[in-house]
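Source file structure_20.txt; content: compact mmCIF, C-alpha atoms and all ligand atoms.
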# COMPACT_ATOMS: atom_id res chain seq x y z
CA MET A 99 -5.61 6.89 -14.61
CA ASN A 100 -3.45 8.04 -11.68
CA LEU A 101 -4.71 6.59 -8.42
CA ILE A 102 -3.79 6.77 -4.77
CA LEU A 103 -4.78 3.97 -2.40
CA LEU A 104 -5.19 5.11 1.17
CA GLY A 105 -5.89 2.97 4.22
CA ALA A 106 -4.51 1.56 7.46
CA PRO A 107 -1.74 -1.03 7.31
CA GLY A 108 -3.35 -4.40 6.62
CA ALA A 109 -6.52 -2.93 5.11
CA GLY A 110 -5.79 -4.67 1.81
CA LYS A 111 -4.38 -1.82 -0.27
CA GLY A 112 -1.71 -4.02 -1.82
CA THR A 113 -4.17 -6.74 -2.82
CA GLN A 114 -6.59 -4.23 -4.34
CA ALA A 115 -3.74 -2.41 -6.08
CA GLU A 116 -2.75 -5.72 -7.71
CA ALA A 117 -6.34 -6.27 -8.91
CA ILE A 118 -6.62 -2.74 -10.36
CA SER A 119 -3.20 -3.09 -11.96
CA ALA A 120 -4.24 -6.32 -13.69
CA LYS A 121 -7.54 -4.79 -14.83
CA LEU A 122 -6.17 -1.49 -16.17
CA GLY A 123 -2.65 -2.54 -17.20
CA ILE A 124 -1.00 0.21 -15.17
CA PRO A 125 1.71 -0.45 -12.57
CA GLN A 126 1.23 -0.76 -8.84
CA ILE A 127 3.83 1.45 -7.21
CA SER A 128 4.40 0.37 -3.62
CA THR A 129 6.99 2.36 -1.69
CA GLY A 130 6.90 -0.38 0.99
CA ASN A 131 7.84 -3.04 -1.60
CA MET A 132 10.62 -0.83 -2.98
CA LEU A 133 11.99 -0.18 0.50
CA ARG A 134 11.84 -3.89 1.46
CA GLU A 135 13.73 -4.73 -1.73
CA ALA A 136 16.39 -2.15 -0.83
CA VAL A 137 16.70 -3.58 2.69
CA LYS A 138 16.97 -7.13 1.29
CA ASN A 139 19.71 -6.07 -1.12
CA GLY A 140 21.57 -4.15 1.58
CA THR A 141 21.75 -0.96 -0.51
CA GLU A 142 22.59 2.37 1.08
CA LEU A 143 18.93 3.35 0.82
CA GLY A 144 17.95 0.09 2.55
CA LEU A 145 20.40 0.72 5.38
CA ARG A 146 18.98 4.20 5.89
CA ALA A 147 15.38 2.94 5.92
CA LYS A 148 15.72 -0.27 7.94
CA ALA A 149 15.58 1.01 11.52
CA ALA A 150 12.40 3.03 10.94
CA MET A 151 10.73 0.13 9.13
CA ASP A 152 11.63 -2.40 11.82
CA SER A 153 10.10 -0.24 14.54
CA GLY A 154 6.94 0.51 12.55
CA ASP A 155 7.83 4.17 12.03
CA LEU A 156 7.76 6.02 8.76
CA VAL A 157 10.91 6.37 6.69
CA SER A 158 11.83 10.04 6.19
CA ASP A 159 9.85 12.09 3.68
CA GLU A 160 13.09 13.00 1.91
CA ILE A 161 13.95 9.34 1.18
CA VAL A 162 10.51 8.20 0.04
CA ILE A 163 9.79 11.30 -2.04
CA GLY A 164 13.11 10.69 -3.82
CA ILE A 165 12.35 7.05 -4.69
CA LEU A 166 8.77 7.85 -5.70
CA LYS A 167 9.85 10.65 -8.00
CA ASP A 168 12.32 8.37 -9.80
CA ARG A 169 9.78 5.56 -10.06
CA ILE A 170 6.94 7.56 -11.61
CA ALA A 171 9.36 8.90 -14.20
CA GLU A 172 9.85 5.35 -15.58
CA PRO A 173 8.23 4.59 -18.96
CA ASP A 174 5.70 2.05 -17.65
CA ALA A 175 4.11 4.76 -15.50
CA ALA A 176 3.51 7.10 -18.43
CA ASN A 177 -0.11 6.00 -18.93
CA GLY A 178 -1.07 5.89 -15.28
CA PHE A 179 -0.16 4.26 -11.98
CA ILE A 180 -1.52 3.13 -8.65
CA LEU A 181 0.26 4.55 -5.63
CA ASP A 182 0.09 2.00 -2.83
CA GLY A 183 1.46 3.33 0.48
CA PHE A 184 2.36 6.80 -0.81
CA PRO A 185 1.70 9.54 0.19
CA ARG A 186 1.71 8.78 3.91
CA THR A 187 2.15 12.32 5.25
CA VAL A 188 0.75 15.68 4.24
CA ALA A 189 4.31 16.71 3.28
CA GLN A 190 4.45 13.79 0.81
CA ALA A 191 1.07 14.77 -0.68
CA GLU A 192 2.29 18.33 -1.09
CA ALA A 193 5.47 17.06 -2.74
CA LEU A 194 3.33 15.11 -5.23
CA ASP A 195 1.32 18.25 -5.98
CA SER A 196 4.45 20.30 -6.50
CA MET A 197 5.81 17.67 -8.92
CA GLY A 198 2.74 18.52 -11.01
CA VAL A 199 1.31 15.00 -10.71
CA ARG A 200 -2.41 14.94 -11.52
CA ILE A 201 -4.40 12.53 -9.34
CA ASP A 202 -7.76 11.26 -10.62
CA THR A 203 -9.04 9.40 -7.57
CA VAL A 204 -7.96 8.72 -4.01
CA LEU A 205 -9.48 5.43 -2.93
CA GLU A 206 -9.62 4.73 0.79
CA VAL A 207 -9.93 1.07 1.80
CA TYR A 208 -11.51 1.26 5.23
CA VAL A 209 -11.29 -1.58 7.75
CA PRO A 210 -12.18 -1.10 11.45
CA ASP A 211 -9.24 -1.29 13.90
CA GLU A 212 -10.46 -4.47 15.57
CA ARG A 213 -10.17 -6.37 12.29
CA ILE A 214 -6.75 -5.00 11.34
CA CYS A 215 -4.70 -7.05 13.81
CA ALA A 216 -6.25 -10.36 12.74
CA ARG A 217 -5.66 -9.48 9.11
CA MET A 218 -2.03 -8.68 9.65
CA SER A 219 -1.18 -11.85 11.56
CA GLY A 220 -2.28 -13.91 8.53
CA ARG A 221 -0.62 -11.73 5.93
CA ARG A 222 2.23 -13.13 3.83
CA VAL A 223 4.29 -11.50 1.10
CA CYS A 224 6.40 -12.96 -1.67
CA GLU A 225 10.14 -12.54 -1.09
CA GLY A 226 10.68 -12.32 -4.83
CA CYS A 227 7.99 -10.11 -6.39
CA GLY A 228 6.31 -8.62 -3.30
CA ALA A 229 2.84 -10.02 -4.12
CA SER A 230 0.44 -10.02 -1.16
CA TYR A 231 -1.33 -13.05 0.26
CA HIS A 232 -3.32 -13.99 3.36
CA ILE A 233 -3.34 -17.51 4.78
CA GLU A 234 -7.13 -17.42 5.14
CA TYR A 235 -8.51 -14.79 2.75
CA LYS A 236 -6.06 -15.07 -0.14
CA PRO A 237 -3.96 -18.25 0.18
CA THR A 238 -1.33 -19.31 -2.33
CA THR A 239 -2.25 -22.37 -4.41
CA GLU A 240 0.77 -24.27 -3.06
CA PRO A 241 1.41 -23.42 0.61
CA GLY A 242 4.28 -20.96 1.06
CA ILE A 243 4.96 -20.55 -2.67
CA CYS A 244 4.03 -17.44 -4.66
CA ASP A 245 1.50 -18.12 -7.44
CA LYS A 246 3.06 -15.43 -9.60
CA CYS A 247 6.81 -16.09 -9.49
CA GLY A 248 7.34 -19.32 -7.50
CA CYS A 249 9.44 -17.68 -4.76
CA LYS A 250 8.87 -18.24 -1.04
CA THR A 251 6.15 -16.29 0.79
CA VAL A 252 7.06 -15.03 4.25
CA GLN A 253 5.60 -13.07 7.13
CA ARG A 254 6.84 -9.48 7.23
CA ALA A 255 8.99 -8.64 10.25
CA ASP A 256 6.85 -5.54 10.88
CA ASP A 257 3.62 -7.60 11.01
CA SER A 258 4.41 -8.82 14.55
CA PRO A 259 1.65 -7.88 17.08
CA GLU A 260 3.80 -5.25 18.88
CA THR A 261 4.78 -3.47 15.67
CA VAL A 262 1.25 -3.60 14.27
CA LEU A 263 -0.04 -1.45 17.13
CA SER A 264 2.60 1.20 16.66
CA ARG A 265 2.00 1.22 12.90
CA LEU A 266 -1.70 1.83 13.54
CA GLU A 267 -0.81 4.76 15.82
CA VAL A 268 1.49 6.18 13.16
CA TYR A 269 -1.27 5.79 10.59
CA LYS A 270 -3.76 7.71 12.72
CA GLU A 271 -1.37 10.48 13.57
CA LYS A 272 0.42 11.04 10.27
CA THR A 273 -1.54 9.44 7.43
CA ALA A 274 -5.23 9.71 8.35
CA PRO A 275 -5.08 13.55 7.97
CA LEU A 276 -4.65 12.89 4.24
CA LYS A 277 -8.34 11.95 4.12
CA ASP A 278 -9.25 15.59 4.80
CA TYR A 279 -6.51 16.78 2.47
CA TYR A 280 -8.03 14.84 -0.44
CA ALA A 281 -11.67 15.19 0.61
CA GLN A 282 -11.24 18.92 0.04
CA THR A 283 -10.30 18.23 -3.57
CA GLY A 284 -13.46 16.11 -4.05
CA LYS A 285 -11.33 13.14 -5.17
CA LEU A 286 -11.71 10.89 -2.13
CA VAL A 287 -13.89 7.78 -2.34
CA THR A 288 -14.16 5.20 0.44
CA VAL A 289 -14.79 1.47 0.16
CA THR A 290 -15.17 -0.80 3.19
CA GLY A 291 -12.95 -3.90 3.10
CA GLN A 292 -15.06 -7.09 3.07
CA GLU A 293 -14.30 -10.58 4.40
CA GLU A 294 -13.80 -11.90 0.88
CA VAL A 295 -11.16 -10.24 -1.30
CA ALA A 296 -13.34 -10.60 -4.41
CA ASP A 297 -16.21 -8.73 -2.72
CA THR A 298 -13.90 -5.81 -1.89
CA THR A 299 -12.53 -5.81 -5.43
CA LYS A 300 -16.06 -5.60 -6.82
CA LEU A 301 -16.77 -2.52 -4.66
CA VAL A 302 -13.42 -1.00 -5.66
CA PHE A 303 -14.06 -1.48 -9.38
CA GLU A 304 -17.55 0.02 -9.01
CA ALA A 305 -16.17 3.00 -7.09
CA LEU A 306 -13.61 3.60 -9.84
CA GLY A 307 -16.17 3.13 -12.61
CA ILE A 308 -14.23 0.20 -14.11
CA ALA A 309 -16.63 -2.67 -13.31
CA ASP A 310 -17.62 -4.90 -16.29
P1 LIG B 1 3.97 -0.84 3.60
O1 LIG B 1 4.42 -2.05 2.86
O2 LIG B 1 3.30 0.18 2.72
O3 LIG B 1 3.14 -1.18 4.81
O4 LIG B 1 5.29 -0.13 4.15
C1 LIG B 1 6.16 -0.79 5.06
C2 LIG B 1 7.02 0.22 5.79
O5 LIG B 1 7.81 0.96 4.83
C3 LIG B 1 6.23 1.30 6.55
O6 LIG B 1 5.86 0.88 7.86
C4 LIG B 1 7.26 2.43 6.58
O7 LIG B 1 8.28 2.20 7.53
C5 LIG B 1 7.91 2.33 5.20
N1 LIG B 1 7.17 3.13 4.19
C6 LIG B 1 6.50 2.68 3.09
N2 LIG B 1 5.97 3.69 2.39
C7 LIG B 1 6.30 4.82 3.07
C8 LIG B 1 6.02 6.21 2.87
N3 LIG B 1 5.29 6.63 1.83
N4 LIG B 1 6.53 7.09 3.78
C9 LIG B 1 7.26 6.67 4.83
N5 LIG B 1 7.55 5.39 5.08
C10 LIG B 1 7.07 4.46 4.21
Now that the file is in, can you turn its structure into structure tokens?
Amino acid sequence: MNLILLGAPGAGKGTQAEAISAKLGIPQISTGNMLREAVKNGTELGLRAKAAMDSGDLVSDEIVIGILKDRIAEPDAANGFILDGFPRTVAQAEALDSMGVRIDTVLEVYVPDERICARMSGRRVCEGCGASYHIEYKPTTEPGICDKCGCKTVQRADDSPETVLSRLEVYKEKTAPLKDYYAQTGKLVTVTGQEEVADTTKLVFEALGIAD
């Protein structure tokens, strides 16, 4: 199954992608996680992406299309994958089409704007493996320590209140048009993010036809 997760920053795409990945045994491919890793390691790619990421802008289509193309060619993606945070522009969606990638479902996780800011202030990510947490809705078992790999969890620099607003603007202007793009193909399904992660996951699994 090849899936795309669509939704505003902070809507819970990463968390739901992790749940689907665990259920179906296919990788979660997060361009944001890959870019953060590149920034952390100070690679050339990271240096090129950092300024845009810090200000809440999108990294250039050319850069992200390049890393995505390499990633989906890896063996673990041969039986399916979950794209989390890609595509984010119509140009990226068109690039995916021209690579000949078949998409089964585009799942939108919808959360109203007024709830996005509160969600993002409590969000934490693992410095090591990139796993997503929330201090209220999805806390780590031991405070500040990732349940999966034992590394430290931190707040993302771009989750500060000023950057969150500009990221929401960018989402509306550049990414939300993808809803129409995929609605036309009949592959778009929308699930509303709930207070409890498990409740959203239940709706997501039902929408994908993978509930027990
Ligand atoms: P995310 O973790 O998906 O919220 O991504 C964090 C940041 O990485 C975004 O605010 C962008 O600056 C950059 N980024 C991630 N994915 C993409 C993409 N598909 N296109 C452009 N920029 C991206």
Open item on the list: For ligand LIG 1 (chain B), return the neighbouring residues as a PyMOL selection string (distance at most 7 Å; all atoms listed in the file).
Closed with: chain A and resi 107+128-131+133+150-151+154-159+162+182-187+265
Task: Shortest interatomic distance to A:Leu166 - which of A:Val199, A:Leu276, A:Met218, A:Leu301, counting all atoms listed in the file - done: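 Closest to A:Leu166 of all the choices is A:Val199.
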Task: From A:Asp257, A:Glu293, A:Glu240, A:Glu116, residue lying nearest A:Val209 [only C-alpha atoms] - done: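 Using only C-alpha atoms, A:Val209 sits closest to A:Glu293.
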Counting all atoms listed in the file, which residues of stretch 163-205 of chain A fall within 10 Å of stretch 277-280 of chain A, and what is the closest atom pair for each with its distance in Å at one decimal, ordered by chain and rising number, as JSON lines?
{"residue": "A:Val188", "atom": "CA", "partner": "A:Tyr279", "partner_atom": "CA", "distance": 7.6}
{"residue": "A:Ala191", "atom": "CA", "partner": "A:Tyr279", "partner_atom": "CA", "distance": 8.5}
{"residue": "A:Glu192", "atom": "CA", "partner": "A:Tyr279", "partner_atom": "CA", "distance": 9.6}
{"residue": "A:Ile201", "atom": "CA", "partner": "A:Tyr280", "partner_atom": "CA", "distance": 9.9}
{"residue": "A:Thr203", "atom": "CA", "partner": "A:Tyr280", "partner_atom": "CA", "distance": 9.0}
{"residue": "A:Val204", "atom": "CA", "partner": "A:Tyr280", "partner_atom": "CA", "distance": 7.1}
{"residue": "A:Leu205", "atom": "CA", "partner": "A:Lys277", "partner_atom": "CA", "distance": 9.7}
Task: Contact residues around A:Lys300 with all atoms listed in the file at 12 Å, ignoring same-chain residues under 4 positions, as a ChimeraX atom specification - done: /A:114,117-118,121,289-292,294-296,304-310
Let's have the selection written as a CSV table (one decimal), keeping the file's coordinate frame, with C-alpha atoms.
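Just written: out_19.csv:
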chain,number,residue,atom,x,y,z
A,114,GLN,CA,-6.6,-4.2,-4.3
A,117,ALA,CA,-6.3,-6.3,-8.9
A,118,ILE,CA,-6.6,-2.7,-10.4
A,121,LYS,CA,-7.5,-4.8,-14.8
A,289,VAL,CA,-14.8,1.5,0.2
A,290,THR,CA,-15.2,-0.8,3.2
A,291,GLY,CA,-13.0,-3.9,3.1
A,292,GLN,CA,-15.1,-7.1,3.1
A,294,GLU,CA,-13.8,-11.9,0.9
A,295,VAL,CA,-11.2,-10.2,-1.3
A,296,ALA,CA,-13.3,-10.6,-4.4
A,304,GLU,CA,-17.6,0.0,-9.0
A,305,ALA,CA,-16.2,3.0,-7.1
A,306,LEU,CA,-13.6,3.6,-9.8
A,307,GLY,CA,-16.2,3.1,-12.6
A,308,ILE,CA,-14.2,0.2,-14.1
A,309,ALA,CA,-16.6,-2.7,-13.3
A,310,ASP,CA,-17.6,-4.9,-16.3
Open item on the list: Using Å and a single decimal, report how far atom CA of A:Arg217 sits from atom CA of A:His232.
Closed with: 7.7 Å
Task: Counting all atoms listed in the file, the option among A:Val262, A:Val287, A:Pro210, A:Tyr235 closest to A:Phe303 - done: A:Val287
Open item on the list: Report, in Å with one decimal, the straight-line distance from atom CA of A:Tyr231 to atom CA of A:Ala147.
Closed with: 23.8 Å
TODO: Between atom CA of A:Lys236 and atom CA of A:Arg222, measure the distance and give it in Å to one decimal.
DONE: 9.4 Å
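If you measure from each of A:Glu135, A:Glu160, A:Asp256, A:Asp168 to A:Gly226 using all atoms listed in the file, the closest one turns out to be A:Glu135.
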- [ ] Give the answer as one residue: which of A:Cys227, A:Cys215, A:Val207, A:Leu263 has the shortest atom-to-atom distance to A:Leu104, using all atoms listed in the file?
- [x] A:Val207
Around the point (8.7, -15.7, 2.9) (coordinates from the file), which residues reach within 6 Å if we count only C-alpha atoms? Answer as a short mmCIF file (atom, residue, chain, number, x, y, z; two decimals) with C-alpha atoms, in the frame of the given file.
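Okay, part.cif is ready:
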data_model
loop_
_atom_site.label_atom_id
_atom_site.label_comp_id
_atom_site.auth_asym_id
_atom_site.auth_seq_id
_atom_site.Cartn_x
_atom_site.Cartn_y
_atom_site.Cartn_z
CA CYS A 224 6.40 -12.96 -1.67
CA GLU A 225 10.14 -12.54 -1.09
CA LYS A 250 8.87 -18.24 -1.04
CA THR A 251 6.15 -16.29 0.79
CA VAL A 252 7.06 -15.03 4.25
CA GLN A 253 5.60 -13.07 7.13
#
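Between A:Tyr269 and the residues A:Ile102, A:Ala281, A:Asp211, A:Cys249, the shortest atom-to-atom distance, using only C-alpha atoms, involves A:Asp211.
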